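S.K.: I have a structure here, written as C-alpha cells, and I will follow up with some questions on it.
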Amino acid sequence: MTATDQTASRLLQRQIMPIDRDFDVLALYVDPEEAKLDADKYEIGGNKAAKDLNNAAIRQSTATGRSLHPDQIESRTAFRVNSGQRLSFGTYFNAFPASYWRRWTIVSAVRLVVTLKGEGATLLVYKSMARGNAQRVATAETDASGSQTFTFDLTLKPFVDGGWYWYDVIAGDADVVVESAEWSADVPADRAEHGTVDIAITTMNRPDYCAELLGQIGADETLRPYLDSVMVMEQGKDKVTGSEHFPAAEKALGEKLRVLEQGNLGGSGGYARGQLECVRKGTATYALMMDDDVVCEPEGIIRAATFGDLARRPTIVGGHMFNIYSRSRLHSFGEIVQPWKFWWQSPLDTYSDWDLAGRNLRSSRWLHKRIDVDFNGWFMCLIPRVVLEQIGLSLPLFIKWDDSEFGLRAKAAGFPTVTFPGAAVWHVPWTDKNDGLDWQAYLHQRNRFVAALLHSPYPRGGRMIRESRNHQISHLVSMQYSTVWMRHQALLDILEGPEKLHEQLDGLLAYINGIRAGHSDAQLETDRDAFPPVRREKPPRKGRDSAEIPTRLGTLISAGLQPLRQLKPPRTMSREFPEAEIRAMDAKWYKLATYDSAVVSMADGTSAALYRRDPEQFRELAAKTFVIHEKLKKEWPRLAEEYRAKLADVVSPEAWEKTLAPWLDGGLEDVSAGDD
C-alpha cells in the first residue's frame, strides 16, 4: 500500500444526550413517538383544496404524549430503554444526515457501531430518501445480559437529493441501555487529524450570558482538543470579566481564553477583529463566529469542524438556531437570499418555526430533503481560515447583512456554505423582535442595499428600489417618521461610496440616534401612564374598529386612499390625547393609518411610543422619498461598479487593521486569561 492509498478511521458523529439532563430539549435527542409521515405534495397534485388541507395537516402535531423520564439518561452518551419500550434515535442530534455528507464531503460510506447492554433487545437500522419514506436497512438482537456491539457498513450512494440514517431500539422483557453509538468512516490518512478552531464571540453589556457561554465551552472535555483559542471581543461597559460566572470559565479555558477590549464597532467589527486575529495568528484551521447570548451544544462545534475537515473544498459550516424560550422549536432549516427581492428567507419548500417535539423528524417529509443555502447566520458559523485569507474579512456594516454578504461573496469565489444538521445553538428568535423600526432600521436599509450593489444579478437590484419606496410610504402612513428619516439617510450615505463604511463604524450608533432624536415615535416609555389617556372626538363609524385582517382588495384600496388621508388636518383632540392603544402584534400599516395618534407598544414588550400624524412631515418626507429613490435608480450602475471594484480593499486585513488600530498592539489592553 502506498502512502497515498493509506486510510484511517475517523469518527464523524456519536450518540449524545442533553447536558444536565435538560428535559426541554430531550425530543431533539431521542424520540418515543411513532412516525406519521405527511402526504407527498406530488401525489396530492395541484388541486387547491387538497393543497390547503395538506398544508394545514403538515403543521399539526403528531405527538401522543408518550413520556420519557430524565433518569433514563445514563450519561452524556448512554440512554436506558425501559422494558417493552420502543425508542427512536432518528432525531435532530442523533440521526445521521447522510445526504449532506454525500453531497459535500469525500466520505462515500459510513460505519455504524452500536453497543447495547441487556438481553432480548432489538436494534433496527433505517434510512430515508429525499421524499421522507423510511426503509429498514438491518436488524440485530442481543442474546446476553452483558454489553454487545453491533457493526453496520452503510453506503452513502443513494442520498443524492436527501435522506438520513438512524436506528431504533426495542427493549424486551428487561431494560436495555444503549451505551454508545458511533458513526465513522475510512478517510485518507492526511485527513485523519482534526482541525482546530478559534471561537470568536462579540459581546456588549451581556456579561452573564457571555460568561455562561464560555463556561459551557470550557466545561466540555471532548471539545477542548479542538480549541485553538476562544476570543471574546469586549465592546461594552459591563465587562464579561465582571460576571460572577467568569472565574469558573476562565479556569476551565485557561490560556486558550483571550478577552480583547475595543470600541463599539457592532457585531461586524467584533467578528472582523476575531477573523483578523485568526488570520494574523495563523495556527487555527477555522474561525467560528458565535453570538454571546446563545446556549451552546458543544458537540455541534466538533461536528462542524469534522465536516469541514472532510469537505471536498474549503466550506463554511453553519449551525441551526433553536428557540431559547421554546427549545424544541427550530427557527429555520436554511437561509437563502431571494435574488429578485434581495431579501433573506427560508427556501420556499421548507417551514420556519418548526416544533420537533410536536412533529418529529421521521414524521416531517420536508426535513428529509437536503437544503442548500446561500449563507448561515453568525450566531454559529465556522469559516475556514483559508477562506478569510482569500476573500477578506467581514464588511464593516456594524450589524445586519454582514453574514449574508459574506456567504454570497464566498459562494461567488467557489466556497459553499452548508447549514449542517446536528450543529446548533439556542438563541432568542428573530420573531420576538421588530428591528425594522428602531435604530436598526438604518442598518437594515443601508446594508441590504450595499449587499445588493455588490451581489445582485439584476439591473438596479431587481425590485429593491420600488419595494423600498413602497415601504417608505407604508411607514409614513403609519406615523413612523423617525424610521423614514433613518432609511432616507441610509440611502444618502450609500451614494457617498464604500469608503464611508469604515469611516462611519466607530460612532455609528450615536450618529443613528442623532437622526432619530426629536421624533415622538422614537421616544420610548416603559410606564404606560407616561402617556395621556385614550380619548376620541367621536366613536368609530357604526362602531367599526375591526381587528380583522383585510382582504387583498381591501388592502389595495387602503393603500390607494390612505396617502391622501395623510394630507388632511388631524383631529384636534388627537394632539393632546392618543386615539387608541395598539399592541405590537396589531401595529400593521393599514390599522395605524386610520388614526391621528396612538400609543403603540414595541415588539419586545418592554416599552411603548406615542405616534402622532403630521401632514407637513408627510408632505416633506414623501417628496424626499421619490427624489432619493429616483437618484439611486439613476446612480445604480455607477455605484455597483464602484462598490464591486473597491470590495477587496474594504474587507482586507489592512483596512481593518487601520480601523482597529486604537485597540491593536499597544492600544487597549488585551485582558487575556491569567493576566492580573
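Each chain of the C-alpha cells is named A, B, ... in the order shown, its residues numbered from 1; ligands are numbered from 1 in display order.
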Quick one: everything within 10 Å of segment 655-664 of chain A, counting only C-alpha atoms, minus sequence neighbours fewer than 3 positions away in the same chain. Send it as number ranges by chain.
M.R.: A: 260-263, 265, 269-270, 272-273, 276-277, 392-396, 502-503, 505-506, 648-652, 667-670
S.K.: Take the residues just selected and output them with C-alpha atoms as a PDB file, in the first residue's frame.
M.R.:
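Everything below was put into selection-v6.pdb:
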```pdb
ATOM      1  CA  LEU A 260      -9.955  41.705  23.684  1.00  0.00           C
ATOM      2  CA  GLU A 261     -11.363  45.120  24.552  1.00  0.00           C
ATOM      3  CA  GLN A 262     -12.290  47.581  21.817  1.00  0.00           C
ATOM      4  CA  GLY A 263     -14.799  50.296  20.992  1.00  0.00           C
ATOM      5  CA  LEU A 265     -17.944  48.580  16.335  1.00  0.00           C
ATOM      6  CA  GLY A 269     -16.488  44.981  13.955  1.00  0.00           C
ATOM      7  CA  GLY A 270     -16.254  42.378  16.673  1.00  0.00           C
ATOM      8  CA  ALA A 272     -13.820  41.142  11.975  1.00  0.00           C
ATOM      9  CA  ARG A 273     -11.453  41.502  14.941  1.00  0.00           C
ATOM     10  CA  LEU A 276      -8.206  39.288  11.807  1.00  0.00           C
ATOM     11  CA  GLU A 277      -6.654  37.709  14.900  1.00  0.00           C
ATOM     12  CA  GLY A 392     -11.196  39.005   3.057  1.00  0.00           C
ATOM     13  CA  LEU A 393     -12.947  39.699   6.332  1.00  0.00           C
ATOM     14  CA  SER A 394     -16.403  40.957   7.209  1.00  0.00           C
ATOM     15  CA  LEU A 395     -17.737  44.126   5.599  1.00  0.00           C
ATOM     16  CA  PRO A 396     -17.763  47.000   8.143  1.00  0.00           C
ATOM     17  CA  HIS A 502     -15.071  52.215   7.607  1.00  0.00           C
ATOM     18  CA  GLU A 503     -15.240  55.956   8.326  1.00  0.00           C
ATOM     19  CA  LEU A 505     -18.079  52.487  12.011  1.00  0.00           C
ATOM     20  CA  ASP A 506     -16.753  53.992  15.244  1.00  0.00           C
ATOM     21  CA  ALA A 648     -11.358  43.727  -1.863  1.00  0.00           C
ATOM     22  CA  ASP A 649      -9.791  46.817  -0.312  1.00  0.00           C
ATOM     23  CA  VAL A 650     -12.698  47.444   2.095  1.00  0.00           C
ATOM     24  CA  VAL A 651     -12.652  43.889   3.510  1.00  0.00           C
ATOM     25  CA  SER A 652      -8.870  43.464   3.521  1.00  0.00           C
ATOM     26  CA  GLY A 667      -3.846  50.035  22.026  1.00  0.00           C
ATOM     27  CA  LEU A 668      -6.288  48.977  24.744  1.00  0.00           C
ATOM     28  CA  GLU A 669      -5.209  46.107  26.944  1.00  0.00           C
ATOM     29  CA  ASP A 670      -5.563  42.509  25.818  1.00  0.00           C
TER      30      ASP A 670
END
```
S.K.: Counting only C-alpha atoms, figure out which residue out of A:Ser328, A:Leu639, A:Pro225, A:Pro569 gets nearest to Asn360 of chain A.
M.R.: A:Ser328
S.K.: Name the residues in contact with Pro32 of chain A at a cut-off of 9 Å, using only C-alpha atoms, excluding same-chain residues fewer than 4 positions from it; report them as a CSV table (one decimal) with C-alpha atoms, in the first residue's frame.
M.R.:
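Ended up saving to result_27.csv:
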```csv
chain,number,residue,atom,x,y,z
A,27,ALA,CA,-37.1,15.5,21.9
A,66,ARG,CA,-45.7,9.4,25.4
A,67,SER,CA,-43.2,10.4,28.1
A,68,LEU,CA,-39.7,9.7,29.0
A,85,GLN,CA,-40.4,0.3,25.2
A,86,ARG,CA,-39.5,1.3,21.6
A,87,LEU,CA,-37.4,4.4,21.1
A,88,SER,CA,-36.0,6.0,18.0
A,89,PHE,CA,-32.8,7.9,17.7
```
S.K.: Extract, using only C-alpha atoms, all DNA, RNA and protein residues at most 12 Å from Gly132 of chain A, discarding same-chain residues fewer than 4 positions from it, and format them as JSON, numbers by chain.
M.R.: {"A": [35, 36, 37, 38, 39, 40, 41, 126, 127, 128, 159, 161, 162, 163, 164, 165, 360, 361, 362, 363, 364, 365, 366, 367, 368, 369, 370]}
S.K.: Create the file for the chosen residues now, containing C-alpha atoms and written as a PDB file, in the first residue's frame.
M.R.:
```pdb
ATOM      1  CA  ALA A  35     -43.557   8.124  12.579  1.00  0.00           C
ATOM      2  CA  LYS A  36     -46.663   9.529  10.861  1.00  0.00           C
ATOM      3  CA  LEU A  37     -45.391  10.890   7.580  1.00  0.00           C
ATOM      4  CA  ASP A  38     -47.404  13.645   5.926  1.00  0.00           C
ATOM      5  CA  ALA A  39     -48.684  13.289   2.361  1.00  0.00           C
ATOM      6  CA  ASP A  40     -46.436  13.734  -0.666  1.00  0.00           C
ATOM      7  CA  LYS A  41     -47.340  17.006  -2.417  1.00  0.00           C
ATOM      8  CA  TYR A 126     -33.280   2.673   8.920  1.00  0.00           C
ATOM      9  CA  LYS A 127     -32.628   5.031   6.078  1.00  0.00           C
ATOM     10  CA  SER A 128     -34.861   7.600   4.417  1.00  0.00           C
ATOM     11  CA  PHE A 159     -28.524  10.046  -0.920  1.00  0.00           C
ATOM     12  CA  ASP A 161     -31.162  14.575  -3.066  1.00  0.00           C
ATOM     13  CA  GLY A 162     -31.665  13.931   0.621  1.00  0.00           C
ATOM     14  CA  GLY A 163     -32.131  11.342   3.333  1.00  0.00           C
ATOM     15  CA  TRP A 164     -30.895  10.242   6.757  1.00  0.00           C
ATOM     16  CA  TYR A 165     -29.714   7.115   8.554  1.00  0.00           C
ATOM     17  CA  ASN A 360     -40.645  14.637  14.814  1.00  0.00           C
ATOM     18  CA  LEU A 361     -38.028  14.277  12.101  1.00  0.00           C
ATOM     19  CA  ARG A 362     -39.410  10.936  10.888  1.00  0.00           C
ATOM     20  CA  SER A 363     -42.909  12.416  10.510  1.00  0.00           C
ATOM     21  CA  SER A 364     -41.812  15.528   8.592  1.00  0.00           C
ATOM     22  CA  ARG A 365     -41.347  14.751   4.913  1.00  0.00           C
ATOM     23  CA  TRP A 366     -39.778  18.107   4.060  1.00  0.00           C
ATOM     24  CA  LEU A 367     -36.942  17.651   6.589  1.00  0.00           C
ATOM     25  CA  HIS A 368     -35.553  14.759   4.540  1.00  0.00           C
ATOM     26  CA  LYS A 369     -34.671  16.923   1.540  1.00  0.00           C
ATOM     27  CA  ARG A 370     -31.181  18.357   1.562  1.00  0.00           C
TER      28      ARG A 370
END
```
